[in-house]
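Novice: My structure file my_file.cif, mmCIF, C-alpha atoms, is below:
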```
data_protein
loop_
_atom_site.label_atom_id
_atom_site.label_comp_id
_atom_site.auth_asym_id
_atom_site.auth_seq_id
_atom_site.Cartn_x
_atom_site.Cartn_y
_atom_site.Cartn_z
CA MET A 12 -11.11 -53.04 -50.81
CA LYS A 13 -10.82 -56.76 -50.13
CA GLN A 14 -11.37 -57.54 -46.47
CA ASP A 15 -9.63 -60.26 -44.47
CA THR A 16 -11.69 -63.28 -43.56
CA ASP A 17 -11.53 -65.58 -40.56
CA LYS A 18 -10.30 -62.75 -38.30
CA PRO A 19 -10.10 -64.02 -34.71
CA SER A 20 -13.07 -62.71 -32.73
CA ARG A 21 -12.74 -60.16 -29.95
CA GLY A 22 -12.59 -61.74 -26.53
CA ASP A 23 -13.77 -60.54 -23.14
CA SER A 24 -10.26 -60.32 -21.68
CA PRO A 25 -7.96 -57.33 -22.35
CA LEU A 26 -6.45 -57.36 -25.84
CA PHE A 27 -2.92 -57.79 -24.51
CA PHE A 28 -3.72 -61.21 -23.00
CA GLN A 29 -5.64 -62.60 -25.95
CA ARG A 30 -4.14 -65.27 -28.19
CA ARG A 31 -4.58 -63.07 -31.25
CA PHE A 32 -2.12 -60.57 -29.75
CA LEU A 33 0.07 -61.89 -26.90
CA PRO A 34 2.01 -64.58 -28.85
CA MET A 35 2.78 -62.08 -31.61
CA TRP A 36 3.87 -59.46 -29.05
CA THR A 37 6.04 -62.00 -27.22
CA ALA A 38 7.73 -63.15 -30.43
CA LEU A 39 8.47 -59.52 -31.36
CA SER A 40 9.68 -58.45 -27.91
CA PHE A 41 12.00 -61.36 -27.20
CA GLY A 42 13.39 -61.23 -30.74
CA THR A 43 14.13 -57.54 -30.20
CA PHE A 44 15.77 -58.35 -26.87
CA ALA A 45 17.98 -61.02 -28.47
CA ASP A 46 18.96 -58.74 -31.38
CA ASN A 47 20.02 -55.91 -29.12
CA THR A 48 21.76 -58.17 -26.60
CA LEU A 49 23.84 -59.56 -29.47
CA ARG A 50 24.53 -56.13 -30.95
CA GLN A 51 25.46 -54.48 -27.66
CA ALA A 52 27.67 -57.39 -26.60
CA LEU A 53 29.65 -56.83 -29.79
CA LEU A 54 29.76 -53.04 -29.48
CA ILE A 55 31.02 -53.27 -25.89
CA GLY A 56 33.02 -56.49 -26.16
CA ILE A 57 35.17 -55.43 -29.11
CA PRO A 58 36.59 -52.16 -27.68
CA ALA A 59 36.90 -53.88 -24.29
CA GLY A 60 39.14 -56.50 -25.91
CA VAL A 61 36.85 -59.40 -24.99
CA ILE A 62 35.89 -60.21 -28.60
CA ALA A 63 38.71 -60.58 -31.13
CA VAL A 64 37.95 -59.18 -34.58
CA PRO A 65 39.97 -60.29 -37.63
CA PHE A 66 40.39 -58.23 -40.81
CA PHE A 67 40.76 -54.93 -38.87
CA SER A 68 44.16 -53.60 -37.85
CA ASP A 69 42.38 -51.44 -35.27
CA SER A 70 39.38 -53.26 -33.76
CA ASP A 71 37.64 -49.91 -33.09
CA ASN A 72 37.23 -49.52 -36.85
CA ALA A 73 34.82 -52.46 -36.75
CA ILE A 74 32.29 -50.48 -34.68
CA PRO A 75 30.76 -48.34 -37.49
CA PHE A 76 30.68 -51.41 -39.72
CA ILE A 77 28.77 -53.37 -37.07
CA GLY A 78 26.33 -50.51 -36.56
CA ALA A 79 25.43 -50.56 -40.26
CA LEU A 80 24.91 -54.34 -40.56
CA LEU A 81 21.26 -54.49 -39.49
CA PRO A 82 19.89 -51.77 -41.83
CA ILE A 83 22.02 -53.07 -44.72
CA ALA A 84 20.55 -56.56 -44.29
CA ILE A 85 17.04 -55.13 -44.24
CA LEU A 86 17.70 -53.20 -47.46
CA ILE A 87 18.98 -56.32 -49.20
CA PHE A 88 16.22 -58.74 -48.21
CA SER A 89 13.06 -56.60 -47.95
CA SER A 90 12.06 -57.12 -51.60
CA VAL A 91 11.86 -60.90 -51.13
CA SER A 92 10.52 -60.92 -47.56
CA GLY A 93 7.34 -59.04 -48.42
CA GLN A 94 6.53 -61.47 -51.21
CA LEU A 95 6.94 -64.49 -48.94
CA ALA A 96 4.79 -62.93 -46.23
CA ASP A 97 2.01 -62.32 -48.78
CA LYS A 98 2.26 -65.78 -50.35
CA PHE A 99 2.24 -68.04 -47.28
CA GLU A 100 -0.14 -68.49 -44.37
CA THR A 101 0.69 -66.15 -41.50
CA SER A 102 1.18 -68.49 -38.53
CA LEU A 103 3.39 -70.73 -40.69
CA MET A 104 5.62 -67.74 -41.50
CA PHE A 105 5.78 -66.83 -37.80
CA ARG A 106 7.02 -70.32 -36.94
CA ARG A 107 9.53 -70.45 -39.79
CA THR A 108 11.10 -67.06 -39.15
CA LYS A 109 11.39 -67.62 -35.40
CA PHE A 110 12.84 -71.11 -35.83
CA ILE A 111 15.52 -69.63 -38.09
CA GLU A 112 16.17 -67.03 -35.38
CA LEU A 113 16.69 -69.84 -32.85
CA LEU A 114 19.24 -71.51 -35.14
CA LEU A 115 21.09 -68.22 -35.71
CA MET A 116 21.16 -67.33 -32.02
CA THR A 117 22.52 -70.77 -31.21
CA SER A 118 25.35 -70.11 -33.67
CA ALA A 119 25.89 -66.68 -32.10
CA ALA A 120 26.04 -68.30 -28.66
CA ILE A 121 28.78 -70.62 -29.89
CA ALA A 122 30.64 -67.61 -31.29
CA PHE A 123 30.52 -65.72 -27.97
CA ALA A 124 31.41 -68.76 -25.89
CA SER A 125 34.46 -69.43 -28.08
CA GLY A 126 35.38 -65.77 -28.60
CA THR A 127 35.06 -66.12 -32.40
CA GLY A 128 34.49 -62.52 -33.43
CA TRP A 129 33.97 -63.05 -37.15
CA LEU A 130 31.18 -65.59 -36.51
CA ALA A 131 29.43 -63.29 -34.03
CA ILE A 132 29.53 -60.43 -36.57
CA ALA A 133 28.24 -62.76 -39.31
CA MET A 134 25.34 -63.79 -37.06
CA LEU A 135 24.49 -60.14 -36.43
CA PHE A 136 24.16 -59.64 -40.18
CA ALA A 137 22.14 -62.86 -40.45
CA MET A 138 19.82 -61.61 -37.70
CA GLY A 139 19.32 -58.43 -39.69
CA ALA A 140 18.22 -60.62 -42.59
CA GLN A 141 15.94 -62.61 -40.28
CA SER A 142 14.40 -59.36 -39.03
CA ALA A 143 13.78 -58.32 -42.64
CA PHE A 144 11.70 -61.50 -43.10
CA PHE A 145 9.94 -61.36 -39.72
CA SER A 146 8.90 -57.70 -39.83
CA PRO A 147 6.44 -57.80 -42.78
CA VAL A 148 4.91 -61.00 -41.40
CA ARG A 149 4.26 -59.38 -38.02
CA VAL A 150 3.13 -55.97 -39.26
CA SER A 151 0.84 -57.33 -41.99
CA ALA A 152 -0.61 -59.88 -39.52
CA MET A 153 -1.96 -57.17 -37.23
CA PRO A 154 -4.90 -56.16 -39.49
CA LYS A 155 -5.76 -59.87 -39.72
CA TYR A 156 -5.77 -60.44 -35.97
CA LEU A 157 -7.04 -57.02 -34.83
CA ALA A 158 -10.06 -54.93 -35.75
CA PRO A 159 -9.38 -51.55 -37.43
CA ASP A 160 -10.25 -49.68 -34.22
CA GLU A 161 -7.73 -51.80 -32.26
CA LEU A 162 -4.72 -51.06 -34.45
CA VAL A 163 -3.52 -47.89 -32.71
CA ARG A 164 -3.72 -49.70 -29.38
CA GLY A 165 -2.00 -52.77 -30.79
CA ASN A 166 0.82 -50.75 -32.34
CA GLY A 167 1.24 -48.77 -29.14
CA LEU A 168 1.61 -51.97 -27.11
CA CYS A 169 4.04 -53.43 -29.65
CA ASN A 170 6.13 -50.25 -29.64
CA ALA A 171 6.16 -50.23 -25.84
CA GLY A 172 7.51 -53.78 -25.85
CA LEU A 173 9.98 -52.88 -28.59
CA PHE A 174 11.50 -49.91 -26.77
CA THR A 175 11.53 -51.71 -23.41
CA PHE A 176 13.29 -54.78 -24.75
CA ILE A 177 15.76 -52.68 -26.74
CA LEU A 178 16.76 -51.01 -23.48
CA VAL A 179 16.94 -54.30 -21.56
CA GLY A 180 18.97 -55.86 -24.39
CA TYR A 181 21.44 -52.96 -24.23
CA MET A 182 21.83 -53.40 -20.49
CA VAL A 183 22.14 -57.19 -20.52
CA GLY A 184 24.47 -57.47 -23.51
CA GLY A 185 26.74 -54.63 -22.43
CA SER A 186 26.99 -55.69 -18.78
CA LEU A 187 27.41 -59.46 -19.22
CA ILE A 188 30.07 -59.46 -21.95
CA VAL A 189 32.70 -57.78 -19.74
CA LEU A 190 32.30 -60.30 -16.90
CA GLU A 191 34.35 -63.45 -16.44
CA ASN A 192 32.79 -66.09 -18.74
CA GLY A 193 30.63 -63.27 -20.07
CA GLY A 194 30.60 -64.72 -23.59
CA ALA A 195 29.05 -67.94 -22.36
CA MET A 196 26.46 -66.02 -20.32
CA VAL A 197 25.53 -63.92 -23.34
CA GLY A 198 25.11 -67.15 -25.30
CA VAL A 199 22.72 -68.58 -22.72
CA VAL A 200 20.65 -65.40 -22.85
CA LEU A 201 20.49 -65.45 -26.65
CA ILE A 202 19.33 -69.07 -26.80
CA SER A 203 16.80 -68.57 -23.99
CA ALA A 204 15.27 -65.44 -25.53
CA SER A 205 15.02 -66.93 -29.02
CA SER A 206 13.48 -70.12 -27.60
CA ILE A 207 10.77 -68.10 -25.87
CA GLY A 208 10.12 -66.25 -29.13
CA PHE A 209 9.86 -69.48 -31.11
CA PHE A 210 7.44 -71.15 -28.70
CA ALA A 211 5.33 -67.97 -28.68
CA ALA A 212 5.24 -68.10 -32.48
CA THR A 213 3.77 -71.60 -32.35
CA ARG A 214 0.74 -70.10 -30.58
CA THR A 215 -0.07 -67.45 -33.19
CA PRO A 216 -3.53 -68.01 -34.77
CA TRP A 217 -4.02 -69.23 -38.32
CA ALA A 218 -4.62 -66.46 -40.86
CA ALA A 219 -5.04 -66.89 -44.61
CA ALA A 220 -2.28 -65.89 -47.04
CA ASN A 221 -2.82 -62.57 -48.77
CA ALA A 222 -1.76 -63.77 -52.24
CA PRO A 223 -1.22 -67.56 -52.31
CA GLU A 224 -0.84 -67.60 -56.12
CA LEU A 225 1.97 -65.04 -56.07
CA LYS A 226 5.09 -66.07 -58.02
CA ILE A 227 8.22 -65.16 -56.08
CA SER A 228 10.78 -62.98 -57.87
CA PHE A 229 14.35 -62.69 -56.59
CA ASN A 230 15.18 -59.66 -58.71
CA GLY A 231 15.70 -57.23 -55.87
CA PHE A 232 15.80 -54.10 -58.02
CA THR A 233 12.54 -54.68 -59.87
CA GLN A 234 10.76 -55.97 -56.78
CA THR A 235 11.81 -52.93 -54.74
CA ILE A 236 10.34 -50.71 -57.45
CA SER A 237 7.22 -52.89 -57.50
CA MET A 238 6.61 -52.73 -53.76
CA PHE A 239 6.95 -48.94 -53.73
CA ARG A 240 4.58 -48.78 -56.69
CA HIS A 241 2.05 -50.55 -54.47
CA VAL A 242 2.70 -47.94 -51.78
CA PHE A 243 2.11 -44.92 -54.01
CA ASN A 244 -0.81 -46.48 -55.90
CA SER A 245 -2.71 -47.29 -52.71
CA PRO A 246 -4.75 -44.28 -51.57
CA GLY A 247 -3.58 -42.77 -48.31
CA VAL A 248 -0.74 -45.25 -47.70
CA ALA A 249 2.38 -43.30 -48.66
CA PRO A 250 2.08 -40.35 -46.21
CA PRO A 251 1.86 -42.37 -42.96
CA LEU A 252 4.42 -44.90 -44.22
CA MET A 253 6.95 -42.15 -44.96
CA GLY A 254 6.02 -40.36 -41.76
CA SER A 255 6.91 -43.52 -39.86
CA ALA A 256 10.25 -43.73 -41.66
CA VAL A 257 11.07 -40.18 -40.55
CA PHE A 258 10.72 -41.38 -36.96
CA TYR A 259 13.64 -43.75 -37.56
CA PHE A 260 15.72 -40.89 -38.95
CA LEU A 261 15.03 -38.81 -35.85
CA SER A 262 15.42 -41.57 -33.26
CA THR A 263 18.65 -42.85 -34.83
CA ALA A 264 20.11 -39.35 -34.98
CA ILE A 265 19.23 -38.72 -31.33
CA THR A 266 20.67 -42.00 -30.03
CA VAL A 267 23.87 -41.51 -32.05
CA VAL A 268 24.41 -37.91 -30.98
CA ILE A 269 23.65 -38.40 -27.26
CA PRO A 270 27.10 -39.82 -26.33
CA LEU A 271 28.77 -36.88 -28.14
CA TYR A 272 26.31 -34.48 -26.55
CA GLY A 273 26.98 -35.96 -23.11
CA ARG A 274 30.75 -35.68 -23.55
CA ASP A 275 31.17 -32.34 -25.33
CA ALA A 276 28.08 -30.28 -24.42
CA LEU A 277 26.84 -31.60 -21.08
CA PHE A 278 30.38 -32.45 -19.89
CA ALA A 279 29.15 -35.62 -18.19
CA THR A 280 30.65 -39.00 -17.34
CA PRO A 281 30.20 -42.01 -19.67
CA LEU A 282 27.64 -43.47 -17.27
CA VAL A 283 25.47 -40.40 -17.87
CA TRP A 284 25.72 -40.87 -21.65
CA ALA A 285 24.39 -44.41 -21.30
CA ALA A 286 21.68 -43.25 -18.90
CA LEU A 287 20.49 -40.56 -21.31
CA ASN A 288 20.08 -43.11 -24.11
CA GLY A 289 18.21 -45.33 -21.68
CA LEU A 290 15.94 -42.44 -20.71
CA PHE A 291 15.16 -41.84 -24.37
CA ALA A 292 14.09 -45.47 -24.77
CA ILE A 293 12.00 -45.28 -21.58
CA GLY A 294 10.31 -42.10 -22.78
CA ALA A 295 9.52 -43.59 -26.17
CA GLY A 296 8.02 -46.62 -24.42
CA LEU A 297 5.85 -44.38 -22.22
CA GLY A 298 4.68 -42.56 -25.33
CA ALA A 299 3.79 -45.86 -26.97
CA ILE A 300 1.72 -46.84 -23.92
CA THR A 301 -0.02 -43.45 -24.11
CA ALA A 302 -0.82 -44.09 -27.77
CA ALA A 303 -2.22 -47.51 -26.82
CA SER A 304 -4.72 -45.81 -24.48
CA MET A 305 -6.14 -43.50 -27.17
CA SER A 306 -9.81 -43.67 -28.04
CA LYS A 307 -10.30 -46.60 -30.37
CA ASN A 308 -12.89 -44.69 -32.39
CA ARG A 309 -10.34 -42.08 -33.48
CA SER A 310 -7.45 -42.45 -35.89
CA GLY A 311 -4.99 -40.75 -33.53
CA LEU A 312 -3.54 -38.77 -36.45
CA GLY A 313 -4.47 -35.47 -34.84
CA ALA A 314 -2.62 -36.48 -31.67
CA SER A 315 0.30 -37.57 -33.85
CA THR A 316 0.46 -34.09 -35.39
CA ILE A 317 0.38 -32.33 -32.03
CA ALA A 318 2.92 -34.74 -30.54
CA ILE A 319 5.61 -34.22 -33.20
CA GLY A 320 5.17 -30.44 -32.98
CA CYS A 321 5.52 -30.44 -29.20
CA SER A 322 8.50 -32.79 -29.45
CA GLY A 323 10.18 -30.24 -31.70
CA LEU A 324 9.59 -27.49 -29.16
CA MET A 325 10.98 -29.68 -26.38
CA SER A 326 14.15 -30.18 -28.45
CA PHE A 327 14.65 -26.42 -28.28
CA VAL A 328 14.16 -26.57 -24.50
CA ILE A 329 16.91 -29.23 -24.25
CA TYR A 330 19.22 -26.95 -26.23
CA ALA A 331 18.43 -23.97 -23.98
CA ILE A 332 18.88 -25.60 -20.58
CA THR A 333 21.94 -27.71 -21.37
CA PRO A 334 24.49 -25.05 -20.27
CA LEU A 335 22.57 -24.63 -17.01
CA ALA A 336 22.81 -28.35 -16.21
CA ALA A 337 26.30 -29.02 -17.55
CA GLY A 338 29.44 -29.85 -15.66
CA THR A 339 32.88 -28.72 -16.80
CA PRO A 340 35.65 -30.47 -18.76
CA GLU A 341 37.71 -30.50 -15.57
CA ALA A 342 34.85 -31.80 -13.39
CA PRO A 343 32.37 -33.82 -15.49
CA ILE A 344 28.94 -34.21 -13.98
CA GLY A 345 27.93 -37.69 -12.82
CA LEU A 346 24.55 -39.34 -12.39
CA GLY A 347 24.25 -38.13 -8.83
CA GLY A 348 24.92 -34.53 -9.77
CA LEU A 349 22.58 -34.64 -12.77
CA PHE A 350 19.65 -36.09 -10.85
CA THR A 351 19.99 -33.92 -7.74
CA GLN A 352 20.26 -30.43 -9.22
CA PRO A 353 17.07 -28.72 -10.51
CA MET A 354 18.39 -28.01 -14.01
CA GLY A 355 19.65 -31.57 -14.35
CA ILE A 356 16.25 -32.95 -13.37
CA LEU A 357 14.57 -30.59 -15.82
CA LEU A 358 16.93 -31.70 -18.58
CA THR A 359 16.27 -35.39 -18.03
CA LEU A 360 12.51 -34.83 -17.85
CA SER A 361 12.70 -32.84 -21.08
CA LEU A 362 14.50 -35.69 -22.82
CA VAL A 363 11.96 -38.25 -21.55
CA PHE A 364 9.06 -36.00 -22.59
CA THR A 365 10.56 -35.45 -26.06
CA ALA A 366 10.91 -39.20 -26.53
CA ALA A 367 7.41 -39.86 -25.17
CA LEU A 368 5.91 -37.42 -27.66
CA SER A 369 7.79 -39.21 -30.43
CA GLY A 370 6.26 -42.48 -29.22
CA VAL A 371 2.79 -40.93 -29.47
CA TYR A 372 3.64 -39.71 -32.98
CA ILE A 373 4.58 -43.08 -34.50
CA ALA A 374 1.78 -45.50 -33.45
CA PRO A 375 -1.16 -43.78 -35.26
CA LEU A 376 0.92 -43.58 -38.46
CA GLN A 377 1.69 -47.29 -38.31
CA ALA A 378 -1.97 -48.09 -37.71
CA ALA A 379 -3.09 -45.88 -40.61
CA THR A 380 -0.68 -47.67 -42.96
CA GLN A 381 -1.97 -51.07 -41.87
CA ARG A 382 -5.64 -50.07 -42.18
CA ARG A 383 -5.26 -48.52 -45.62
CA ALA A 384 -2.96 -51.09 -47.26
CA PRO A 385 -4.94 -53.40 -49.61
CA SER A 386 -4.87 -56.91 -48.19
CA THR A 387 -3.73 -58.60 -51.42
CA PHE A 388 -0.28 -57.00 -51.20
CA ARG A 389 -0.25 -55.68 -47.64
CA ALA A 390 2.94 -57.51 -46.63
CA ARG A 391 4.84 -56.09 -49.60
CA ILE A 392 3.76 -52.61 -48.54
CA MET A 393 4.97 -53.37 -45.01
CA ALA A 394 8.27 -54.61 -46.44
CA ALA A 395 8.52 -51.28 -48.26
CA GLY A 396 8.01 -49.67 -44.85
CA ALA A 397 10.87 -51.69 -43.35
CA PHE A 398 13.03 -50.72 -46.34
CA SER A 399 12.14 -47.05 -45.83
CA ASN A 400 12.86 -47.24 -42.10
CA ALA A 401 16.33 -48.62 -42.82
CA MET A 402 16.95 -46.05 -45.56
CA PHE A 403 16.06 -43.22 -43.21
CA ALA A 404 18.00 -44.67 -40.27
CA ILE A 405 21.27 -44.65 -42.23
CA PRO A 406 21.24 -40.88 -43.00
CA GLY A 407 19.95 -40.34 -39.46
CA SER A 408 23.21 -41.83 -38.24
CA LEU A 409 25.37 -40.20 -40.90
CA SER A 410 23.83 -36.77 -40.26
CA ILE A 411 25.83 -36.66 -37.04
CA LEU A 412 28.95 -36.45 -39.21
CA ALA A 413 28.05 -32.77 -39.37
CA VAL A 414 28.86 -32.68 -35.67
CA THR A 415 32.02 -34.78 -35.77
CA GLY A 416 33.31 -33.52 -39.13
CA LEU A 417 32.76 -29.81 -38.59
CA GLY A 418 33.64 -29.81 -34.91
CA ILE A 419 30.43 -28.01 -33.91
CA ASN A 420 28.83 -28.27 -30.50
CA PRO A 421 26.61 -31.43 -30.40
CA ARG A 422 24.04 -29.36 -28.52
CA LEU A 423 23.17 -27.72 -31.87
CA ALA A 424 21.89 -31.08 -33.13
CA PHE A 425 18.78 -30.59 -30.99
CA ILE A 426 18.05 -27.33 -32.82
CA ALA A 427 18.30 -29.12 -36.17
CA LEU A 428 16.16 -32.03 -34.99
CA GLY A 429 13.59 -29.65 -33.53
CA CYS A 430 13.33 -27.85 -36.86
CA VAL A 431 12.77 -31.16 -38.67
CA MET A 432 10.01 -32.10 -36.22
CA LEU A 433 8.27 -28.75 -36.62
CA LEU A 434 8.49 -29.13 -40.40
CA ILE A 435 6.79 -32.54 -40.14
CA CYS A 436 4.09 -30.98 -37.96
CA ALA A 437 3.57 -28.22 -40.53
CA VAL A 438 3.22 -30.75 -43.36
CA MET A 439 0.65 -32.75 -41.38
CA MET A 440 -1.29 -29.58 -40.53
CA TYR A 441 -1.23 -28.57 -44.20
CA ARG A 442 -2.59 -31.97 -45.18
CA LYS A 443 -5.38 -31.51 -42.66
CA LYS A 444 -6.22 -28.11 -44.09
CA ALA A 445 -6.04 -29.31 -47.69
CA ASN A 446 -8.26 -32.33 -47.00
CA ALA A 447 -11.88 -31.45 -46.32
CA GLU A 448 -12.12 -34.43 -43.97
CA GLY A 449 -9.06 -33.36 -42.01
CA LEU A 450 -7.12 -36.23 -40.47
CA TYR A 451 -10.06 -38.51 -41.20
CA ASP A 452 -9.55 -42.23 -41.71
CA GLU A 453 -12.23 -43.72 -43.95
CA VAL A 454 -11.37 -47.33 -43.09
CA LEU A 455 -11.64 -46.71 -39.36
CA HIS A 456 -14.88 -44.76 -39.86
CA ALA A 457 -16.41 -47.61 -41.88
CA ALA A 458 -15.45 -50.17 -39.24
CA HIS A 459 -16.88 -48.03 -36.44
CA LYS A 460 -20.11 -47.52 -38.38
CA ALA A 461 -20.42 -51.26 -38.93
CA ASN A 462 -19.91 -51.94 -35.21
CA THR A 463 -22.54 -49.39 -34.15
CA ASN A 464 -25.04 -50.94 -36.56
CA LEU A 465 -24.67 -54.43 -35.08
#
```
Rewrite the structure from the file as structure tokens, please.
Specialist:
Amino acid sequence: MKQDTDKPSRGDSPLFFQRRFLPMWTALSFGTFADNTLRQALLIGIPAGVIAVPFFSDSDNAIPFIGALLPIAILIFSSVSGQLADKFETSLMFRRTKFIELLLMTSAAIAFASGTGWLAIAMLFAMGAQSAFFSPVRVSAMPKYLAPDELVRGNGLCNAGLFTFILVGYMVGGSLIVLENGGAMVGVVLISASSIGFFAATRTPWAAANAPELKISFNGFTQTISMFRHVFNSPGVAPPLMGSAVFYFLSTAITVVIPLYGRDALFATPLVWAALNGLFAIGAGLGAITAASMSKNRSGLGASTIAIGCSGLMSFVIYAITPLAAGTPEAPIGLGGLFTQPMGILLTLSLVFTAALSGVYIAPLQAATQRRAPSTFRARIMAAGAFSNAMFAIPGSLSILAVTGLGINPRLAFIALGCVMLLICAVMMYRKKANAEGLYDEVLHAAHKANTNL
């Protein structure tokens, strides 16, 4: 396998503060914050009547459409984005994608300040496209900047930033837009966050292009087939890449069902619904930090297997204790009641623990994909990963139609999700049994052997 050259050397300071990591992390985190501030400001501002939406007789009908914009944009542009990330030098692509983000967020700020709903929605779609181009640059850059035994830690830290800034973006976008002059305040936040991301991108280290002679094709159909051919022809890449995509199915399904669960199963106030989604993001972030602290000489795939199995079992616990913590339709439970009664505390801890285990599950899979992907078309493989994540997120959201369409208790969704998690665990355990090396990672082993021989 071709190895990257000119990888930035390890420094004496912690990885997080080194130039080969911190600018990339900052660009990712503040871009995530801006995306979710924009999205949440729309999702709250439209039903609140703050943002006017044309083309819809009932503005509430715009909400599902808005929720689908980001994954749709990723599906459309992933086939081209991976090619560009492979063809051009990495730090150049960081600067270009983040500068485009700054331009788009400036346009979004104008839309919010003027109350122009159609422009704000258009910018959300455009930011989905920008994310489709940024993601393969960032993910394929990590094996260039980090050593193989640093990738689990690096992905854990990136995921921790991702989940944290998603949560903060939700809070900022949703709370500011309903205030007087809230649109203008949202605009200031968007421009500020994207400016920080752009200036961070200017500090990313130089890293050679993977395939500078690559001829760009804009035939999305053939290029999508081509990038998945790279995935399945590269030994050991497809299982962790698809395992990562399943995470997006599960996390999307959980975040979509929680408001319904809070209303119709837990009989809680709307503030509790929002808090439960926030707790899920916090738990996932804690799990990502846990993954970042794993031994750097291990692949983490064994921990990933255990984590998804335990997360499935915790989903059953949530199902079981919900009636014991619930309020009643006549007297919905509030935050105070949920956090002061023993069963309510147990329920919230169970949700946080389930999310944390999911955070432990995802980071080793991402690192394994990055380590195993051949460098000459690594970014196209990562674009295939972004495509898969979006493809799995859409049915993750639509799966909740089984709850709304059939009128079943949303609490049952945790039984279904738990079964899916246990099935994933069983598949990973079977792969360990079928492979004489278990959850062995030959790339990580080779790197560790080289380091010990120095």
Novice: Compile the contact shell of Leu357 (chain A) as a list of chain:residue names: residues with an atom at most 10 Å away, counting only C-alpha atoms, same-chain residues fewer than 6 positions apart removed.
Specialist: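 Everything that qualifies: A:Val328, A:Ile329, A:Ile332, A:Thr333, A:Ala336, A:Leu349, A:Phe350, A:Val363.
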Novice: Please return, as number ranges by chain, all polymer residues that have at least one atom within 9 Å of the point (10.7, -60.8, -47.7); use only C-alpha atoms and the file's own coordinate frame.
Specialist: A: 88-97, 143-148, 390-391, 394
Novice: Just how far from CA of Val61 (chain A) is CA of Leu113 (chain A), in Å to one decimal?
Specialist: 24.0 Å
Novice: Would you pick out the contacts of Leu297 (chain A) at 8 Å or less, using all atoms listed in the file, so that residues sharing its chain but fewer than 2 positions from it are not included, and give the list as a VMD selection string?
Specialist: chain A and resid 171 293 to 295 299 to 301 367 370
Novice: How many Å lie between CA of Ala211 (chain A) and CA of Gly289 (chain A), rounded to one decimal?
Specialist: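 That distance, rounded to one decimal, is 27.0 Å.
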Novice: Would you list the contacts of Phe425 (chain A) as a short mmCIF file (atom, residue, chain, number, x, y, z; two decimals) with C-alpha atoms, keeping the file's coordinate frame, taking every protein, DNA or RNA residue within 10 Å and counting all atoms listed in the file, but skipping same-chain residues closer than 4 positions in sequence?
Specialist:
```
data_model
loop_
_atom_site.label_atom_id
_atom_site.label_comp_id
_atom_site.auth_asym_id
_atom_site.auth_seq_id
_atom_site.Cartn_x
_atom_site.Cartn_y
_atom_site.Cartn_z
CA ALA A 264 20.11 -39.35 -34.98
CA ILE A 265 19.23 -38.72 -31.33
CA VAL A 268 24.41 -37.91 -30.98
CA ILE A 269 23.65 -38.40 -27.26
CA TYR A 272 26.31 -34.48 -26.55
CA GLY A 323 10.18 -30.24 -31.70
CA LEU A 324 9.59 -27.49 -29.16
CA MET A 325 10.98 -29.68 -26.38
CA SER A 326 14.15 -30.18 -28.45
CA PHE A 327 14.65 -26.42 -28.28
CA VAL A 328 14.16 -26.57 -24.50
CA ILE A 329 16.91 -29.23 -24.25
CA TYR A 330 19.22 -26.95 -26.23
CA ALA A 331 18.43 -23.97 -23.98
CA PRO A 421 26.61 -31.43 -30.40
CA GLY A 429 13.59 -29.65 -33.53
CA CYS A 430 13.33 -27.85 -36.86
CA VAL A 431 12.77 -31.16 -38.67
#
```
Novice: Name the closest residue to Pro334 (chain A) among the candidates A:Asp46, A:Asp275, A:Glu224, A:Glu100; distances are taken between atoms, counting all atoms listed in the file.
Specialist: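 Among A:Asp46, A:Asp275, A:Glu224, A:Glu100, it is A:Asp275 that comes nearest to Pro334 (chain A).
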Novice: Using all atoms listed in the file, which protein or nucleic acid residues come within 10 Å of region 78-83 of chain A? Drop anything in the same chain fewer than 2 positions from it, and give the result as a VMD selection string.
Specialist: chain A and resid 46 50 to 51 53 to 54 73 to 76 85 to 88 132 to 133 135 to 143 397 to 405 408
Novice: Expand the PyMOL selection byres ((chain A and resi 274) around 12) into the explicit residue set it covers here, and present it as a PyMOL selection string.
Specialist: chain A and resi 268-273+275-285+287+337-345+420-422
Novice: Could you tell me, as a PyMOL selection string, exactly which residues end up selected when the PyMOL selection byres ((chain A and resi 258) around 12) is applied to this structure?
Specialist: chain A and resi 251-257+259-265+295+315+319+322+366+368-374+376-377+396+399-404+407+428+431-432+435
Novice: Might you spell out which residues the PyMOL selection byres ((chain A and resi 194) around 12) would select in the displayed file, as JSON, numbers by chain?
Specialist: {"A": [48, 49, 52, 53, 55, 56, 57, 61, 62, 63, 119, 120, 121, 122, 123, 124, 125, 126, 127, 128, 131, 183, 184, 185, 186, 187, 188, 189, 190, 191, 192, 193, 195, 196, 197, 198, 199, 200, 201]}
Novice: Just the number, please: distance in Å from CA of Ser228 (chain A) to CA of Lys155 (chain A), one decimal.
Specialist: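 Computing it gives 24.8 Å between the two atoms.
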Novice: I want to know what sits within 9 Å of Phe27 (chain A), based on all atoms listed in the file, with residues of the same chain fewer than 4 positions away left out; could you give that as a list in words?
Specialist: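 The filter keeps Arg31, Phe32, Leu33, Trp36, Gly165 and Leu168 of chain A.
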Novice: Next, the residues of the selection above should be written as a tab-separated table (two decimals), in the coordinates of the input with C-alpha atoms.
Specialist:
```tsv
chain	number	residue	atom	x	y	z
A	31	ARG	CA	-4.58	-63.07	-31.25
A	32	PHE	CA	-2.12	-60.57	-29.75
A	33	LEU	CA	0.07	-61.89	-26.90
A	36	TRP	CA	3.87	-59.46	-29.05
A	165	GLY	CA	-2.00	-52.77	-30.79
A	168	LEU	CA	1.61	-51.97	-27.11
```
